[in-house]
Amino acid sequence: MGLTNPATEYRGADSGTTVTSVSPNWVTTRLDFLTNWARSNSLWPMPFGTACCAIEYMATAASRFDIARFGMERQSFSPRQADVLICAGRLPFKLAPVIRRIWDQMPQPKWSISMGACASTGGIFDNYSMVQGIDTIIPVDVYVPGCPPRPEGLIYGIRLLQKKIMGESIDNDMLREEHPVGPSGLFLPAERVDELSEPFGNSVSQTRST
Amino acid sequence: MTARAPVLSPSVTPLRAEFGAAITRHVVSCGDTIVHVDRERAHDVLAWLKDAPGQEFNYLTDITAVEYRDPERPLQVVWQLRSLGRKADLRVKVELDQAGPLEVRSVWDLWRGADWLEREVYDMFGIVFAGHPDLRRILMWETYAEGYPLRKNFPLRGHFSRSEQTRQALAANPEAHYSLEELSIAEAYQELPADMRARLARGERGFLK
(Lines give C-alpha, C1' and ligand atoms only; values in the text may rest on other atoms or scores of the structure.)
Protein backbone atom coordinates (compact mmCIF):
# COMPACT_ATOMS: atom_id res chain seq x y z
CA MET A 1 0.00 0.00 0.00
CA GLY A 2 1.03 3.53 -0.43
CA LEU A 3 4.06 4.71 -2.25
CA THR A 4 5.87 1.82 -3.78
CA ASN A 5 9.29 1.90 -5.32
CA PRO A 6 9.67 -1.34 -7.23
CA ALA A 7 13.42 -0.94 -7.17
CA THR A 8 13.48 -1.30 -3.39
CA GLU A 9 10.31 -3.28 -2.99
CA TYR A 10 11.62 -6.36 -4.74
CA ARG A 11 15.18 -6.15 -3.53
CA GLY A 12 15.97 -9.19 -1.54
CA ALA A 13 12.60 -10.79 -2.12
CA ASP A 14 14.35 -13.52 -3.91
CA SER A 15 17.36 -14.19 -1.78
CA GLY A 16 20.63 -13.23 -3.32
CA THR A 17 19.13 -11.53 -6.36
CA THR A 18 18.26 -7.93 -7.01
CA VAL A 19 15.74 -6.91 -9.57
CA THR A 20 17.61 -4.55 -11.83
CA SER A 21 15.23 -4.42 -14.73
CA VAL A 22 13.33 -1.49 -13.22
CA SER A 23 14.72 1.97 -12.69
CA PRO A 24 14.89 3.30 -9.12
CA ASN A 25 13.62 6.65 -10.42
CA TRP A 26 9.87 5.90 -10.63
CA VAL A 27 7.15 4.64 -8.39
CA THR A 28 3.64 3.36 -8.80
CA THR A 29 0.73 4.65 -6.75
CA ARG A 30 -2.90 5.58 -6.96
CA LEU A 31 -3.64 9.20 -7.79
CA ASP A 32 -6.03 9.44 -4.84
CA PHE A 33 -3.37 8.21 -2.49
CA LEU A 34 -0.78 10.60 -3.83
CA THR A 35 -2.95 13.71 -3.58
CA ASN A 36 -4.30 12.75 -0.16
CA TRP A 37 -0.82 11.92 1.09
CA ALA A 38 0.46 15.29 -0.08
CA ARG A 39 -2.51 17.20 1.28
CA SER A 40 -2.70 15.54 4.67
CA ASN A 41 1.01 16.00 5.31
CA SER A 42 1.17 19.64 4.33
CA LEU A 43 -1.83 21.09 6.14
CA TRP A 44 -1.27 24.77 6.64
CA PRO A 45 -3.33 25.88 9.62
CA MET A 46 -5.10 29.20 9.84
CA PRO A 47 -5.20 29.85 13.58
CA PHE A 48 -8.38 31.60 14.71
CA GLY A 49 -7.51 31.95 18.38
CA THR A 50 -9.99 33.84 20.52
CA ALA A 51 -9.42 32.59 24.06
CA CYS A 52 -7.42 30.30 26.34
CA CYS A 53 -7.51 27.46 23.78
CA ALA A 54 -5.23 29.63 21.67
CA ILE A 55 -2.60 29.40 24.44
CA GLU A 56 -2.74 25.60 24.17
CA TYR A 57 -2.61 25.97 20.41
CA MET A 58 0.57 28.04 20.75
CA ALA A 59 2.02 25.36 22.99
CA THR A 60 1.10 22.78 20.35
CA ALA A 61 2.93 24.78 17.71
CA ALA A 62 5.95 25.48 19.90
CA SER A 63 9.05 23.31 20.21
CA ARG A 64 7.92 20.83 22.86
CA PHE A 65 4.94 19.46 20.90
CA ASP A 66 5.82 20.93 17.51
CA ILE A 67 3.05 20.28 15.00
CA ALA A 68 5.62 20.93 12.29
CA ARG A 69 6.31 17.21 12.73
CA PHE A 70 2.94 16.59 11.07
CA GLY A 71 3.53 18.87 8.12
CA MET A 72 1.99 21.96 9.70
CA GLU A 73 5.25 23.79 9.39
CA ARG A 74 3.81 27.05 8.25
CA GLN A 75 1.23 28.91 10.31
CA SER A 76 -0.83 30.62 7.67
CA PHE A 77 -2.00 33.96 8.95
CA SER A 78 -3.59 34.66 5.61
CA PRO A 79 -6.71 32.59 4.92
CA ARG A 80 -5.91 32.54 1.21
CA GLN A 81 -2.86 30.34 1.80
CA ALA A 82 -4.47 28.11 4.42
CA ASP A 83 -5.88 24.58 4.32
CA VAL A 84 -7.32 24.07 7.75
CA LEU A 85 -9.08 26.59 9.96
CA ILE A 86 -8.51 25.92 13.67
CA CYS A 87 -11.02 27.81 15.78
CA ALA A 88 -9.34 27.85 19.19
CA GLY A 89 -11.67 29.44 21.67
CA ARG A 90 -15.17 30.77 22.11
CA LEU A 91 -16.86 32.56 19.27
CA PRO A 92 -19.12 35.50 20.10
CA PHE A 93 -21.86 36.47 17.67
CA LYS A 94 -19.89 39.61 16.87
CA LEU A 95 -17.12 37.42 15.41
CA ALA A 96 -19.52 35.12 13.51
CA PRO A 97 -19.40 37.14 10.27
CA VAL A 98 -15.61 37.39 10.65
CA ILE A 99 -14.99 33.64 10.83
CA ARG A 100 -17.50 33.11 8.04
CA ARG A 101 -15.62 35.56 5.83
CA ILE A 102 -12.27 33.93 6.66
CA TRP A 103 -13.73 30.54 5.83
CA ASP A 104 -15.10 31.85 2.53
CA GLN A 105 -11.69 33.28 1.69
CA MET A 106 -9.94 29.95 2.11
CA PRO A 107 -9.44 28.07 -1.17
CA GLN A 108 -10.73 24.54 -1.73
CA PRO A 109 -10.05 21.93 -0.56
CA LYS A 110 -10.30 23.12 3.03
CA TRP A 111 -11.02 21.63 6.43
CA SER A 112 -11.75 22.96 9.89
CA ILE A 113 -11.07 21.90 13.45
CA SER A 114 -13.22 23.10 16.32
CA MET A 115 -10.88 23.21 19.29
CA GLY A 116 -12.31 23.10 22.79
CA ALA A 117 -15.70 23.01 24.44
CA CYS A 118 -16.67 26.60 23.62
CA ALA A 119 -15.98 26.43 19.91
CA SER A 120 -17.74 23.07 19.69
CA THR A 121 -20.83 23.76 21.81
CA GLY A 122 -20.68 27.20 23.38
CA GLY A 123 -19.30 25.57 26.53
CA ILE A 124 -20.21 27.31 29.74
CA PHE A 125 -21.24 30.44 27.83
CA ASP A 126 -24.86 29.62 27.17
CA ASN A 127 -25.81 33.28 26.98
CA TYR A 128 -26.95 36.06 24.68
CA SER A 129 -23.58 36.85 23.15
CA MET A 130 -22.06 33.48 22.28
CA VAL A 131 -22.39 31.22 19.25
CA GLN A 132 -23.48 27.78 20.48
CA GLY A 133 -21.00 25.80 18.42
CA ILE A 134 -19.22 27.07 15.33
CA ASP A 135 -20.89 24.32 13.29
CA THR A 136 -23.86 26.69 13.05
CA ILE A 137 -21.58 29.08 11.12
CA ILE A 138 -19.05 26.94 9.22
CA PRO A 139 -18.79 23.18 8.57
CA VAL A 140 -16.54 21.36 11.06
CA ASP A 141 -14.47 18.23 10.36
CA VAL A 142 -13.01 17.42 13.77
CA TYR A 143 -14.20 18.46 17.22
CA VAL A 144 -11.53 18.43 19.92
CA PRO A 145 -13.07 18.28 23.41
CA GLY A 146 -11.44 19.82 26.46
CA CYS A 147 -11.41 23.06 28.37
CA PRO A 148 -8.90 23.74 27.00
CA PRO A 149 -7.62 20.58 25.29
CA ARG A 150 -4.04 19.67 26.02
CA PRO A 151 -1.64 19.82 23.07
CA GLU A 152 -1.80 16.02 22.86
CA GLY A 153 -5.54 16.35 22.38
CA LEU A 154 -5.17 18.80 19.53
CA ILE A 155 -2.48 16.66 17.92
CA TYR A 156 -4.85 13.68 18.16
CA GLY A 157 -7.49 15.79 16.43
CA ILE A 158 -5.04 16.75 13.71
CA ARG A 159 -4.10 13.09 13.23
CA LEU A 160 -7.81 12.24 12.93
CA LEU A 161 -8.18 14.94 10.30
CA GLN A 162 -5.20 13.54 8.41
CA LYS A 163 -6.83 10.12 8.56
CA LYS A 164 -10.04 11.61 7.24
CA ILE A 165 -8.20 13.27 4.37
CA MET A 166 -6.49 9.98 3.50
CA GLY A 167 -9.96 8.48 3.05
CA GLU A 168 -11.10 11.08 0.57
CA SER A 169 -11.36 10.35 -3.13
CA ILE A 170 -11.62 12.39 -6.26
CA ASP A 171 -14.74 10.35 -7.02
CA ASN A 172 -16.44 11.73 -3.95
CA ASP A 173 -17.39 15.35 -3.95
CA MET A 174 -14.73 16.47 -1.52
CA LEU A 175 -15.02 20.09 -2.55
CA ARG A 176 -17.57 21.68 -0.26
CA GLU A 177 -20.59 23.11 -1.97
CA GLU A 178 -21.97 25.67 0.43
CA HIS A 179 -24.86 27.98 -0.23
CA PRO A 180 -27.03 29.97 2.13
CA VAL A 181 -30.36 28.31 2.84
CA GLY A 182 -33.01 30.46 1.25
CA PRO A 183 -32.89 34.21 1.71
CA SER A 184 -31.98 33.95 5.41
CA GLY A 185 -28.22 34.01 4.92
CA LEU A 186 -27.87 30.99 7.22
CA PHE A 187 -25.89 28.00 5.98
CA LEU A 188 -28.09 25.52 7.84
CA PRO A 189 -31.88 25.47 8.11
CA ALA A 190 -33.07 27.69 10.97
CA GLU A 191 -34.56 24.76 12.89
CA ARG A 192 -31.22 22.93 12.63
CA VAL A 193 -29.41 25.92 14.12
CA ASP A 194 -31.94 26.00 16.97
CA GLU A 195 -31.50 22.28 17.50
CA LEU A 196 -27.71 22.52 17.60
CA SER A 197 -27.94 25.43 20.04
CA GLU A 198 -30.25 23.67 22.48
CA PRO A 199 -29.14 24.08 26.08
CA PHE A 200 -27.82 21.03 27.84
CA GLY A 201 -26.42 20.07 31.24
CA ASN A 202 -27.08 22.55 34.01
CA SER A 203 -28.35 25.23 31.70
CA VAL A 204 -31.57 23.40 30.78
CA SER A 205 -33.15 24.64 34.00
CA GLN A 206 -32.74 28.24 32.86
CA THR A 207 -35.70 28.92 30.64
CA ARG A 208 -35.78 31.47 27.87
CA SER A 209 -38.31 34.17 28.60
CA THR A 210 -39.87 35.62 25.52
CA MET B 1 -6.10 40.92 57.73
CA THR B 2 -8.50 43.18 59.53
CA ALA B 3 -11.45 45.00 58.02
CA ARG B 4 -10.79 48.58 57.10
CA ALA B 5 -12.06 51.10 59.61
CA PRO B 6 -15.13 53.07 58.46
CA VAL B 7 -13.30 56.30 57.80
CA LEU B 8 -15.33 59.06 56.19
CA SER B 9 -13.64 60.67 53.22
CA PRO B 10 -12.50 64.23 54.03
CA SER B 11 -14.14 65.34 50.79
CA VAL B 12 -17.67 64.95 52.12
CA THR B 13 -17.75 67.99 54.41
CA PRO B 14 -16.52 70.48 51.78
CA LEU B 15 -18.85 68.82 49.23
CA ARG B 16 -21.86 69.42 51.48
CA ALA B 17 -20.74 72.96 52.15
CA GLU B 18 -20.41 73.64 48.43
CA PHE B 19 -23.50 71.88 47.10
CA GLY B 20 -25.86 71.64 50.09
CA ALA B 21 -29.04 69.78 49.24
CA ALA B 22 -27.64 68.41 45.97
CA ILE B 23 -25.75 65.88 48.08
CA THR B 24 -28.66 63.65 49.04
CA ARG B 25 -26.80 61.30 51.35
CA HIS B 26 -23.46 59.64 51.97
CA VAL B 27 -22.50 56.26 53.36
CA VAL B 28 -19.28 54.53 54.30
CA SER B 29 -19.18 50.97 53.04
CA CYS B 30 -16.18 48.65 53.51
CA GLY B 31 -13.99 51.67 54.11
CA ASP B 32 -15.12 53.45 50.94
CA THR B 33 -17.13 56.63 51.00
CA ILE B 34 -20.12 56.74 48.67
CA VAL B 35 -21.73 60.09 47.93
CA HIS B 36 -25.22 60.16 46.44
CA VAL B 37 -25.79 63.20 44.28
CA ASP B 38 -28.79 64.82 42.68
CA ARG B 39 -29.00 63.95 38.99
CA GLU B 40 -29.16 67.57 37.78
CA ARG B 41 -26.06 68.62 39.71
CA ALA B 42 -23.96 65.50 39.11
CA HIS B 43 -21.82 67.07 36.41
CA ASP B 44 -21.18 70.17 38.56
CA VAL B 45 -20.21 68.00 41.52
CA LEU B 46 -17.86 65.87 39.43
CA ALA B 47 -16.28 68.95 37.82
CA TRP B 48 -15.76 70.48 41.24
CA LEU B 49 -14.24 67.26 42.58
CA LYS B 50 -11.85 67.19 39.67
CA ASP B 51 -10.62 70.78 39.83
CA ALA B 52 -11.18 72.19 43.31
CA PRO B 53 -7.98 72.70 45.30
CA GLY B 54 -7.68 70.01 47.95
CA GLN B 55 -9.86 67.56 45.93
CA GLU B 56 -8.07 67.03 42.61
CA PHE B 57 -9.71 63.74 41.69
CA ASN B 58 -7.79 63.73 38.42
CA TYR B 59 -8.25 60.05 37.53
CA LEU B 60 -11.57 58.47 36.57
CA THR B 61 -11.19 54.83 37.56
CA ASP B 62 -14.49 53.57 36.26
CA ILE B 63 -18.04 54.35 35.29
CA THR B 64 -20.61 51.66 35.73
CA ALA B 65 -24.26 51.21 36.60
CA VAL B 66 -26.30 49.05 38.95
CA GLU B 67 -29.81 47.71 38.60
CA TYR B 68 -31.34 45.95 41.57
CA ARG B 69 -33.67 42.99 41.39
CA ASP B 70 -36.41 45.00 43.04
CA PRO B 71 -38.11 46.76 40.09
CA GLU B 72 -39.12 49.65 42.37
CA ARG B 73 -35.54 50.61 43.13
CA PRO B 74 -33.92 53.14 40.84
CA LEU B 75 -30.93 52.42 38.64
CA GLN B 76 -27.63 53.82 39.82
CA VAL B 77 -24.84 55.31 37.78
CA VAL B 78 -21.50 55.02 39.58
CA TRP B 79 -18.37 57.09 39.09
CA GLN B 80 -15.28 55.80 40.86
CA LEU B 81 -12.78 58.62 41.28
CA ARG B 82 -9.14 58.59 42.27
CA SER B 83 -6.81 61.40 43.20
CA LEU B 84 -3.40 60.23 42.05
CA GLY B 85 -1.61 62.98 43.96
CA ARG B 86 -3.47 62.60 47.25
CA LYS B 87 -3.86 58.80 46.96
CA ALA B 88 -7.55 59.13 47.83
CA ASP B 89 -10.68 57.51 46.41
CA LEU B 90 -14.29 58.61 46.23
CA ARG B 91 -17.38 56.98 44.78
CA VAL B 92 -20.18 59.15 43.43
CA LYS B 93 -23.61 57.78 42.63
CA VAL B 94 -26.67 59.13 40.89
CA GLU B 95 -30.05 57.43 41.05
CA LEU B 96 -32.20 57.25 37.94
CA ASP B 97 -35.87 56.48 38.34
CA GLN B 98 -36.97 53.47 36.25
CA ALA B 99 -39.97 55.46 35.01
CA GLY B 100 -38.04 58.58 34.05
CA PRO B 101 -35.56 59.09 31.24
CA LEU B 102 -32.35 57.14 31.80
CA GLU B 103 -30.08 60.07 31.08
CA VAL B 104 -27.20 61.84 32.79
CA ARG B 105 -24.69 64.36 31.55
CA SER B 106 -21.51 62.96 30.07
CA VAL B 107 -18.25 63.63 31.89
CA TRP B 108 -16.27 63.19 28.68
CA ASP B 109 -15.44 66.91 28.85
CA LEU B 110 -13.79 66.36 32.27
CA TRP B 111 -12.04 63.01 31.78
CA ARG B 112 -11.36 61.83 28.21
CA GLY B 113 -11.20 58.28 29.56
CA ALA B 114 -14.96 58.44 30.06
CA ASP B 115 -15.43 57.93 26.31
CA TRP B 116 -15.47 54.13 26.17
CA LEU B 117 -16.70 53.70 29.76
CA GLU B 118 -19.86 55.64 28.98
CA ARG B 119 -20.30 53.75 25.73
CA GLU B 120 -20.12 50.48 27.65
CA VAL B 121 -22.73 51.60 30.19
CA TYR B 122 -24.93 52.76 27.32
CA ASP B 123 -24.44 49.44 25.53
CA MET B 124 -25.22 47.28 28.54
CA PHE B 125 -27.84 49.38 30.39
CA GLY B 126 -29.26 51.81 27.81
CA ILE B 127 -28.34 54.82 29.92
CA VAL B 128 -27.83 57.87 27.71
CA PHE B 129 -24.92 60.19 28.44
CA ALA B 130 -25.91 63.60 27.12
CA GLY B 131 -23.01 65.41 25.52
CA HIS B 132 -20.99 62.31 24.69
CA PRO B 133 -19.36 62.86 21.28
CA ASP B 134 -19.89 59.35 19.90
CA LEU B 135 -22.40 57.45 21.99
CA ARG B 136 -22.93 54.09 20.32
CA ARG B 137 -22.58 50.44 21.24
CA ILE B 138 -19.06 49.28 22.00
CA LEU B 139 -19.27 45.57 22.91
CA MET B 140 -22.31 44.51 20.93
CA TRP B 141 -22.40 45.40 17.25
CA GLU B 142 -24.03 48.57 15.95
CA THR B 143 -27.17 46.92 14.63
CA TYR B 144 -27.78 44.78 17.73
CA ALA B 145 -31.54 44.87 18.20
CA GLU B 146 -32.27 42.78 21.30
CA GLY B 147 -31.94 45.50 23.90
CA TYR B 148 -29.55 46.10 26.77
CA PRO B 149 -28.06 42.84 28.08
CA LEU B 150 -27.33 43.78 31.70
CA ARG B 151 -30.85 45.01 32.43
CA LYS B 152 -32.82 42.74 34.73
CA ASN B 153 -35.63 42.30 32.18
CA PHE B 154 -33.16 40.89 29.65
CA PRO B 155 -33.20 37.07 29.55
CA LEU B 156 -29.84 35.33 29.83
CA ARG B 157 -29.97 33.93 26.32
CA GLY B 158 -31.42 37.05 24.75
CA HIS B 159 -34.87 37.67 23.35
CA PHE B 160 -34.49 36.07 19.93
CA SER B 161 -34.13 32.42 19.00
CA ARG B 162 -30.64 31.11 18.32
CA SER B 163 -31.30 30.88 14.60
CA GLU B 164 -32.50 34.47 14.49
CA GLN B 165 -29.47 35.60 16.50
CA THR B 166 -27.19 33.68 14.13
CA ARG B 167 -28.96 35.12 11.09
CA GLN B 168 -28.62 38.69 12.37
CA ALA B 169 -25.00 38.13 13.35
CA LEU B 170 -24.13 36.74 9.91
CA ALA B 171 -25.96 39.62 8.27
CA ALA B 172 -23.79 42.16 10.12
CA ASN B 173 -20.96 43.70 8.19
CA PRO B 174 -17.75 42.69 9.99
CA GLU B 175 -16.14 45.91 8.89
CA ALA B 176 -18.80 48.10 10.46
CA HIS B 177 -17.01 48.49 13.79
CA TYR B 178 -14.96 51.60 13.18
CA SER B 179 -15.27 55.13 14.46
CA LEU B 180 -17.56 57.58 12.75
CA GLU B 181 -14.60 59.31 11.17
CA GLU B 182 -13.30 56.09 9.68
CA LEU B 183 -16.78 55.05 8.61
CA SER B 184 -17.48 58.21 6.67
CA ILE B 185 -14.80 57.17 4.17
CA ALA B 186 -15.34 53.39 4.36
CA GLU B 187 -17.08 51.03 2.01
CA ALA B 188 -19.36 49.97 4.84
CA TYR B 189 -21.05 53.38 4.87
CA GLN B 190 -24.22 52.19 3.16
CA GLU B 191 -24.54 49.31 5.64
CA LEU B 192 -24.90 51.65 8.59
CA PRO B 193 -28.23 52.23 10.29
CA ALA B 194 -30.04 55.31 9.04
CA ASP B 195 -29.63 57.23 12.30
CA MET B 196 -25.86 56.75 12.23
CA ARG B 197 -25.69 57.97 8.66
CA ALA B 198 -27.69 61.01 9.74
CA ARG B 199 -25.27 61.66 12.58
CA LEU B 200 -22.36 61.33 10.18
CA ALA B 201 -24.04 63.74 7.79
CA ARG B 202 -24.42 66.22 10.66
CA GLY B 203 -20.69 65.97 11.22
CA GLU B 204 -21.01 64.59 14.72
CA ARG B 205 -17.68 63.66 16.29
CA GLY B 206 -15.85 66.14 14.18
CA PHE B 207 -12.68 66.50 16.19
CA LEU B 208 -9.93 64.70 18.00
CA LYS B 209 -7.61 66.35 20.47
# chains A, B, ... in the order shown; residues from 1 in each chain; ligands from 1
$ closest_atom_pairs --of "region 95-201 of chain B" --to "region 62-76 of chain B" --cutoff "12 Å" --atoms "only C-alpha atoms" --output "tab-separated table"
residue	atom	partner	partner_atom	distance
B:Glu95	CA	B:Gln76	CA	4.5
B:Leu96	CA	B:Leu75	CA	5.1
B:Asp97	CA	B:Pro74	CA	4.6
B:Gln98	CA	B:Pro74	CA	5.5
B:Ala99	CA	B:Pro74	CA	8.7
B:Gly100	CA	B:Pro74	CA	9.6
B:Pro101	CA	B:Leu75	CA	11.0
B:Leu102	CA	B:Leu75	CA	8.4
B:Glu103	CA	B:Leu75	CA	10.8
B:Val104	CA	B:Gln76	CA	10.7
B:Ser106	CA	B:Ile63	CA	10.6
B:Val107	CA	B:Ile63	CA	9.9
B:Trp108	CA	B:Ile63	CA	11.2
B:Trp111	CA	B:Asp62	CA	10.7
B:Arg112	CA	B:Asp62	CA	11.9
B:Gly113	CA	B:Asp62	CA	8.8
B:Ala114	CA	B:Ile63	CA	7.3
B:Asp115	CA	B:Ile63	CA	10.0
B:Trp116	CA	B:Ile63	CA	9.5
B:Leu117	CA	B:Ile63	CA	5.7
B:Glu118	CA	B:Ile63	CA	6.7
B:Arg119	CA	B:Ile63	CA	9.8
B:Glu120	CA	B:Thr64	CA	8.2
B:Val121	CA	B:Thr64	CA	5.9
B:Tyr122	CA	B:Ala65	CA	9.4
B:Asp123	CA	B:Thr64	CA	11.1
B:Met124	CA	B:Ala65	CA	9.0
B:Phe125	CA	B:Ala65	CA	7.4
B:Gly126	CA	B:Ala65	CA	10.1
B:Ile127	CA	B:Ala65	CA	8.6
B:Val128	CA	B:Ala65	CA	11.7
B:Phe129	CA	B:Ile63	CA	11.3
B:Tyr148	CA	B:Glu67	CA	11.9
B:Pro149	CA	B:Glu67	CA	11.7
B:Leu150	CA	B:Glu67	CA	8.3
B:Arg151	CA	B:Glu67	CA	6.8
B:Lys152	CA	B:Arg69	CA	6.7
B:Asn153	CA	B:Pro71	CA	9.4
B:Phe154	CA	B:Glu67	CA	11.7
$ write_last_selection --atoms "N, CA and C atoms" --output "JSON list (two decimals), in the first residue's frame"
[["chain", "number", "residue", "atom", "x", "y", "z"],
["B", 95, "GLU", "N", -28.95, 58.38, 41.21],
["B", 95, "GLU", "CA", -30.05, 57.43, 41.05],
["B", 95, "GLU", "C", -30.97, 57.89, 39.94],
["B", 96, "LEU", "N", -31.32, 56.96, 39.06],
["B", 96, "LEU", "CA", -32.20, 57.25, 37.94],
["B", 96, "LEU", "C", -33.48, 56.45, 38.12],
["B", 97, "ASP", "N", -34.59, 57.15, 38.17],
["B", 97, "ASP", "CA", -35.87, 56.48, 38.34],
["B", 97, "ASP", "C", -36.17, 55.61, 37.12],
["B", 98, "GLN", "N", -36.66, 54.38, 37.37],
["B", 98, "GLN", "CA", -36.97, 53.47, 36.25],
["B", 98, "GLN", "C", -37.98, 54.09, 35.30],
["B", 99, "ALA", "N", -38.91, 54.90, 35.85],
["B", 99, "ALA", "CA", -39.97, 55.46, 35.01],
["B", 99, "ALA", "C", -39.47, 56.64, 34.19],
["B", 100, "GLY", "N", -38.50, 57.37, 34.73],
["B", 100, "GLY", "CA", -38.04, 58.58, 34.05],
["B", 100, "GLY", "C", -37.05, 58.28, 32.94],
["B", 101, "PRO", "N", -36.57, 59.32, 32.28],
["B", 101, "PRO", "CA", -35.56, 59.09, 31.24],
["B", 101, "PRO", "C", -34.24, 58.65, 31.87],
["B", 102, "LEU", "N", -33.64, 57.62, 31.30],
["B", 102, "LEU", "CA", -32.35, 57.14, 31.80],
["B", 102, "LEU", "C", -31.26, 57.98, 31.14],
["B", 103, "GLU", "N", -31.02, 59.15, 31.71],
["B", 103, "GLU", "CA", -30.08, 60.07, 31.08],
["B", 103, "GLU", "C", -29.34, 60.87, 32.14],
["B", 104, "VAL", "N", -28.03, 60.96, 31.97],
["B", 104, "VAL", "CA", -27.20, 61.84, 32.79],
["B", 104, "VAL", "C", -26.25, 62.58, 31.86],
["B", 106, "SER", "N", -22.80, 63.62, 30.28],
["B", 106, "SER", "CA", -21.51, 62.96, 30.07],
["B", 106, "SER", "C", -20.40, 63.73, 30.80],
["B", 107, "VAL", "N", -19.42, 62.99, 31.29],
["B", 107, "VAL", "CA", -18.25, 63.63, 31.89],
["B", 107, "VAL", "C", -17.05, 63.53, 30.94],
["B", 108, "TRP", "N", -17.34, 63.28, 29.67],
["B", 108, "TRP", "CA", -16.27, 63.19, 28.68],
["B", 108, "TRP", "C", -15.47, 64.49, 28.62],
["B", 111, "TRP", "N", -13.03, 64.08, 31.91],
["B", 111, "TRP", "CA", -12.04, 63.01, 31.78],
["B", 111, "TRP", "C", -12.23, 62.38, 30.40],
["B", 112, "ARG", "N", -11.22, 62.42, 29.55],
["B", 112, "ARG", "CA", -11.36, 61.83, 28.21],
["B", 112, "ARG", "C", -11.55, 60.31, 28.30],
["B", 113, "GLY", "N", -11.04, 59.73, 29.39],
["B", 113, "GLY", "CA", -11.20, 58.28, 29.56],
["B", 113, "GLY", "C", -12.64, 57.85, 29.71],
["B", 114, "ALA", "N", -13.54, 58.79, 29.92],
["B", 114, "ALA", "CA", -14.96, 58.44, 30.06],
["B", 114, "ALA", "C", -15.56, 57.97, 28.74],
["B", 115, "ASP", "N", -14.87, 58.21, 27.65],
["B", 115, "ASP", "CA", -15.43, 57.93, 26.31],
["B", 115, "ASP", "C", -15.94, 56.49, 26.21],
["B", 116, "TRP", "N", -15.05, 55.53, 26.35],
["B", 116, "TRP", "CA", -15.47, 54.13, 26.17],
["B", 116, "TRP", "C", -16.25, 53.62, 27.37],
["B", 117, "LEU", "N", -15.95, 54.16, 28.58],
["B", 117, "LEU", "CA", -16.70, 53.70, 29.76],
["B", 117, "LEU", "C", -18.17, 54.04, 29.61],
["B", 118, "GLU", "N", -18.46, 55.25, 29.14],
["B", 118, "GLU", "CA", -19.86, 55.64, 28.98],
["B", 118, "GLU", "C", -20.51, 54.86, 27.84],
["B", 119, "ARG", "N", -19.73, 54.57, 26.80],
["B", 119, "ARG", "CA", -20.30, 53.75, 25.73],
["B", 119, "ARG", "C", -20.65, 52.36, 26.23],
["B", 120, "GLU", "N", -19.83, 51.82, 27.12],
["B", 120, "GLU", "CA", -20.12, 50.48, 27.65],
["B", 120, "GLU", "C", -21.38, 50.50, 28.50],
["B", 121, "VAL", "N", -21.52, 51.52, 29.36],
["B", 121, "VAL", "CA", -22.73, 51.60, 30.19],
["B", 121, "VAL", "C", -23.96, 51.79, 29.31],
["B", 122, "TYR", "N", -23.82, 52.59, 28.26],
["B", 122, "TYR", "CA", -24.93, 52.76, 27.32],
["B", 122, "TYR", "C", -25.27, 51.43, 26.64],
["B", 123, "ASP", "N", -24.25, 50.71, 26.23],
["B", 123, "ASP", "CA", -24.44, 49.44, 25.53],
["B", 123, "ASP", "C", -25.14, 48.42, 26.41],
["B", 124, "MET", "N", -24.73, 48.34, 27.67],
["B", 124, "MET", "CA", -25.22, 47.28, 28.54],
["B", 124, "MET", "C", -26.49, 47.67, 29.28],
["B", 125, "PHE", "N", -26.69, 48.96, 29.58],
["B", 125, "PHE", "CA", -27.84, 49.38, 30.39],
["B", 125, "PHE", "C", -28.80, 50.31, 29.64],
["B", 126, "GLY", "N", -28.39, 50.88, 28.53],
["B", 126, "GLY", "CA", -29.26, 51.81, 27.81],
["B", 126, "GLY", "C", -29.32, 53.19, 28.44],
["B", 127, "ILE", "N", -28.36, 53.49, 29.31],
["B", 127, "ILE", "CA", -28.34, 54.82, 29.92],
["B", 127, "ILE", "C", -27.65, 55.80, 28.97],
["B", 128, "VAL", "N", -28.33, 56.91, 28.69],
["B", 128, "VAL", "CA", -27.83, 57.87, 27.71],
["B", 128, "VAL", "C", -26.98, 58.91, 28.43],
["B", 129, "PHE", "N", -25.79, 59.17, 27.88],
["B", 129, "PHE", "CA", -24.92, 60.19, 28.44],
["B", 129, "PHE", "C", -24.97, 61.41, 27.52],
["B", 148, "TYR", "N", -30.73, 45.79, 25.96],
["B", 148, "TYR", "CA", -29.55, 46.10, 26.77],
["B", 148, "TYR", "C", -29.29, 44.92, 27.71],
["B", 149, "PRO", "N", -28.21, 44.17, 27.47],
["B", 149, "PRO", "CA", -28.06, 42.84, 28.08],
["B", 149, "PRO", "C", -27.97, 42.82, 29.60],
["B", 150, "LEU", "N", -27.48, 43.87, 30.25],
["B", 150, "LEU", "CA", -27.33, 43.78, 31.70],
["B", 150, "LEU", "C", -28.55, 44.28, 32.46],
["B", 151, "ARG", "N", -29.61, 44.65, 31.73],
["B", 151, "ARG", "CA", -30.85, 45.01, 32.43],
["B", 151, "ARG", "C", -31.52, 43.75, 32.96],
["B", 152, "LYS", "N", -32.23, 43.92, 34.08],
["B", 152, "LYS", "CA", -32.82, 42.74, 34.73],
["B", 152, "LYS", "C", -33.92, 42.11, 33.89],
["B", 153, "ASN", "N", -34.56, 42.89, 33.00],
["B", 153, "ASN", "CA", -35.63, 42.30, 32.18],
["B", 153, "ASN", "C", -35.09, 41.64, 30.93],
["B", 154, "PHE", "N", -33.77, 41.51, 30.83],
["B", 154, "PHE", "CA", -33.16, 40.89, 29.65],
["B", 154, "PHE", "C", -32.86, 39.43, 29.97]]
$ interface_residues --of "chain B" --to "chain A" --cutoff "9 Å" --atoms "only C-alpha atoms" --output "ChimeraX atom specification"
/B:139-141,149,154-175
$ select_by_dssp --residues "region 119-202 of chain B" --states "alpha helix (DSSP H)" --output "VMD selection string"
chain B and resid 119 to 125 162 to 171 180 to 183 194 to 201
$ atom_distance --atom1 "CA of Ser114 (chain A)" --atom2 "CA of Gln81 (chain A)"
19.3 Å
